[in-house]
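Engineer: Take a look at this one; I'll ask things after.
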Amino acid sequence: MGDDVGALLRELAPQVLAALVRHHGRFDACEDAVQEALLAAAVQWGENGVPESPRGWLITVAARRLTDQLRSDAARRRREEIDAARLPSEARVSPAADAVRPAADDALTLLFLCCHPTLSPPSQVALTLRAVGGLTTAEIARAFLTPEATMAQRISRAKQQIKAAGGRFAPPAPAERPQRLGAVLHVLYLVFNEGYLATSGPDVHRGELTGEAIRLARQVRRLLPDDGEVAGLLALMLLTEARRAARTRDDGSVVPLAEQDRGRWDRAAISEGTALLTDVLNRTPIGPYQIQAAIAAVHSEADRAENTDWAQILALYDLLVRFEPGPVPQLNRAVAVAMVRGPRAGLDLLEELERDRKLAGHHRLHAVRAHLLELHGDREAARTAFEAAARRTASRPEQRYLRARASRLAGAEGPSTP
């Protein structure tokens with residue numbers, strides 16, 4: 001399947017699913033039918049070209065697959081007859097594009113449904129990528145280094161949970177909307193983070209996930225142009241993704257932020273992210289995604305690592321932990337404290353974070369401790385901490401980087417800047 005066809009199918013997937021669900025109401029069955037239609041299109045369009053009305057083609061094929069599904073279920077024959085009668089005749093033929101044009105908020109409504117509060121975050125992520133992102137189960141499984149059968153079961157369970165909870169294709173009630181939108185943004189944040197900081201496997205970066213997260217964030221931004229946190233999340237993604245080309249060397253080894261060639265950063269993405277952030281900071285209430293984007297923007301302003309305005313970054317982290325007092329923001333704040341007040345001050349904060357059970361065994365805590373110990377001049381303790389961090393990460397590039405730092409401190413041969 002060509003890149004152009006794949007991109008078109010990802011764009012059309014939520015529109016086609018919305019058209020079926022809006023008229024039929026059975027999200028689980030409609031989603032299966034749409035996936036079959038997308039697979040058929042990937043094969044036929046690649047061979048025969050894209051039809052004149054691609055959305056109409058997909059709706060027609062998906063509607064027929066849905067009808068076939070219902071007819072094959074003899075135990076639900078009566079329901080099938082009622083549901084088939086509800087399916088509009090225009091969905092059974094290739095309609096004009098304007099006849100099936102979805103409501104402006106269909107994509108957002110689908111995101112709300114896929115991020116239903118009864119689902120766990122991993123299930124929300126998987127269902128969002130499949131139903132709204134248009135990725136196949138196999139593609140999602142590969143992106144998360146998960147067996148396809150396991151991912152298929154996760155998606156199937158998620159759809160059944162939504163059905164059991166009475167989830168409908170409709171916007172949430174006004175009182176629920178802020179919380180539900182927060183869940184949508186959190187899912188997109190998780191997708192992006194897993195792509196940018198791959199937690200396992202041979203690669204540092206998974207572009208299919210960061211790219212999809214940015215694409216979906218752009219969609220939500222178009223639907224909600226006045227929401228500061230939506231813009232803040234998109235700005236954060238753009239400012240972070242801008243560093244991608246400088247994050248690894250040709251051999252795949254990790255390059256830490258302080259050692260990156262900033263000439264390789266994507267200045268167009270930085271400019272777009274900074275403009276988004278400046279716009280919303282001037283006219284909307286501040287939130288945690290905007291603050292994180294502001295921190296990324298301060299890093300992007302420094303032409304060299306030693307010119308980073310760490311005092312401003314620390315002030316932003318002080319503000320962030322008021323919104324999100326969890327261990328991860330506190331860990332990042334400890335680095336900023338060390339850069340402003342000295343490594344000993346940062347190490348003192350790490351001692352407090354060690355009491356957090358969620359963070360105590362995480363490789364990032366050990367990696368930060370190792371970095372601050374090295375700055376403090378305690379090479380042996382830093383070497384031990386780097387080795388501990390390497391044992392605790394499942395990312396092979398990170399393992400190589402952390403072990404190389406430990407070897408350098410031990411005086412062993414090897415690259416001085418892994």
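Here, A, B, ... name the chains of the structure tokens in the order displayed, residue numbers run from 1 inside each chain, and ligands are numbered from 1 in the same displayed order.
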May I have the residues within 12 Å of Pro285 (chain A) as a VMD selection string, using only C-alpha atoms and disregarding those fewer than 3 positions away in the same chain?

Structural biologist: chain A and resid 226 to 232 279 to 282 288 to 291

Engineer: List the spatial neighbours of region 25-40 of chain A as number ranges by chain - criterion: any atom at most 9 Å away, only C-alpha atoms, same-chain residues fewer than 2 positions off excluded.

Structural biologist: A: 9-10, 13, 16-18, 20-23, 42-45, 57-67, 69-70, 83, 130-131, 134-136, 156, 159-160, 162-163, 167-169

Engineer: Taking the backbone alone, and naming residues the way the document does, which bits of region 184-395 of chain A are helix (DSSP H, G or I) by DSSP, as a PyMOL selection string?

Structural biologist: chain A and resi 184-196+207-223+228-241+244-246+257-259+262-264+267-281+288-301+305-307+310-323+327-341+343-353+357-360+363-376+379-392

Engineer: Which polymer residues have any atom within 12 Å of an atom of Glu398 (chain A), counting only C-alpha atoms, with same-chain residues fewer than 5 positions away left out, as a PyMOL selection string?

Structural biologist: chain A and resi 197-205+247-248+252-256+363-364+367+386-387+389-393+403-405+418

Engineer: Would you mind reading off the distance between CA of Thr137 (chain A) and CA of Met151 (chain A), one decimal, in Å?

Structural biologist: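 Separation of CA of Thr137 (chain A) and CA of Met151 (chain A): 6.6 Å.
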
Engineer: Just the residues within 10 Å of Leu236 (chain A), please, counting only C-alpha atoms, with nothing from its chain fewer than 4 positions along; format it as a PyMOL selection string.

Structural biologist: chain A and resi 189+214+230-232+240-242+270+273-274+276-277+289-297

Engineer: Now that the selection is made, can you save its residues with C-alpha atoms as an mmCIF file, in the first residue's frame?

Structural biologist:
```
data_model
loop_
_atom_site.group_PDB
_atom_site.id
_atom_site.type_symbol
_atom_site.label_atom_id
_atom_site.label_comp_id
_atom_site.auth_asym_id
_atom_site.auth_seq_id
_atom_site.Cartn_x
_atom_site.Cartn_y
_atom_site.Cartn_z
ATOM 1 C CA TYR A 189 -0.008 12.311 25.072
ATOM 2 C CA ILE A 214 0.462 14.858 16.021
ATOM 3 C CA VAL A 230 -5.451 21.321 23.118
ATOM 4 C CA ALA A 231 -3.119 23.893 21.557
ATOM 5 C CA GLY A 232 -0.628 23.393 24.389
ATOM 6 C CA THR A 240 9.628 17.890 21.217
ATOM 7 C CA GLU A 241 9.467 16.144 17.842
ATOM 8 C CA ALA A 242 11.618 18.942 16.399
ATOM 9 C CA ILE A 270 9.801 24.909 16.566
ATOM 10 C CA GLY A 273 4.929 25.174 18.201
ATOM 11 C CA THR A 274 6.141 28.475 19.636
ATOM 12 C CA LEU A 276 0.743 28.136 18.950
ATOM 13 C CA LEU A 277 1.936 28.483 22.514
ATOM 14 C CA TYR A 289 0.303 20.953 28.688
ATOM 15 C CA GLN A 290 0.947 24.633 28.041
ATOM 16 C CA ILE A 291 3.520 24.702 30.845
ATOM 17 C CA GLN A 292 5.316 21.651 29.477
ATOM 18 C CA ALA A 293 5.293 23.234 26.025
ATOM 19 C CA ALA A 294 6.771 26.406 27.525
ATOM 20 C CA ILE A 295 9.606 24.354 29.059
ATOM 21 C CA ALA A 296 10.293 22.763 25.666
ATOM 22 C CA ALA A 297 10.242 26.229 24.087
#
```

Engineer: Which residue, A:Gln15, A:Ser123, A:Ser300, A:Asn193, has the smallest gap to Leu110 (chain A) when you use only C-alpha atoms?

Structural biologist: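 Ranked by minimum distance to Leu110 (chain A), first place goes to A:Gln15.
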
Engineer: CA of Ala183 (chain A) and CA of Leu331 (chain A), how far apart in Å?

Structural biologist: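 Atom-to-atom, CA of Leu331 (chain A) to CA of Ala183 (chain A), that is 23.3 Å.
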
Engineer: Find the residues around Ala410 (chain A) up to 9 Å (only C-alpha atoms counted), leave out those fewer than 3 positions away in its own chain, and share them as an MDAnalysis selection string.

Structural biologist: chainID A and resid 379:380 383 405:407

Engineer: How many Å separate CA of Arg157 (chain A) from CA of Pro117 (chain A)?

Structural biologist: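 These atoms are spaced 14.0 Å apart.
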
Engineer: With distances taken over only C-alpha atoms, which of A:Glu11, A:Glu351, A:Glu148, A:Glu306 is nearest to Pro54 (chain A)?

Structural biologist: A:Glu11
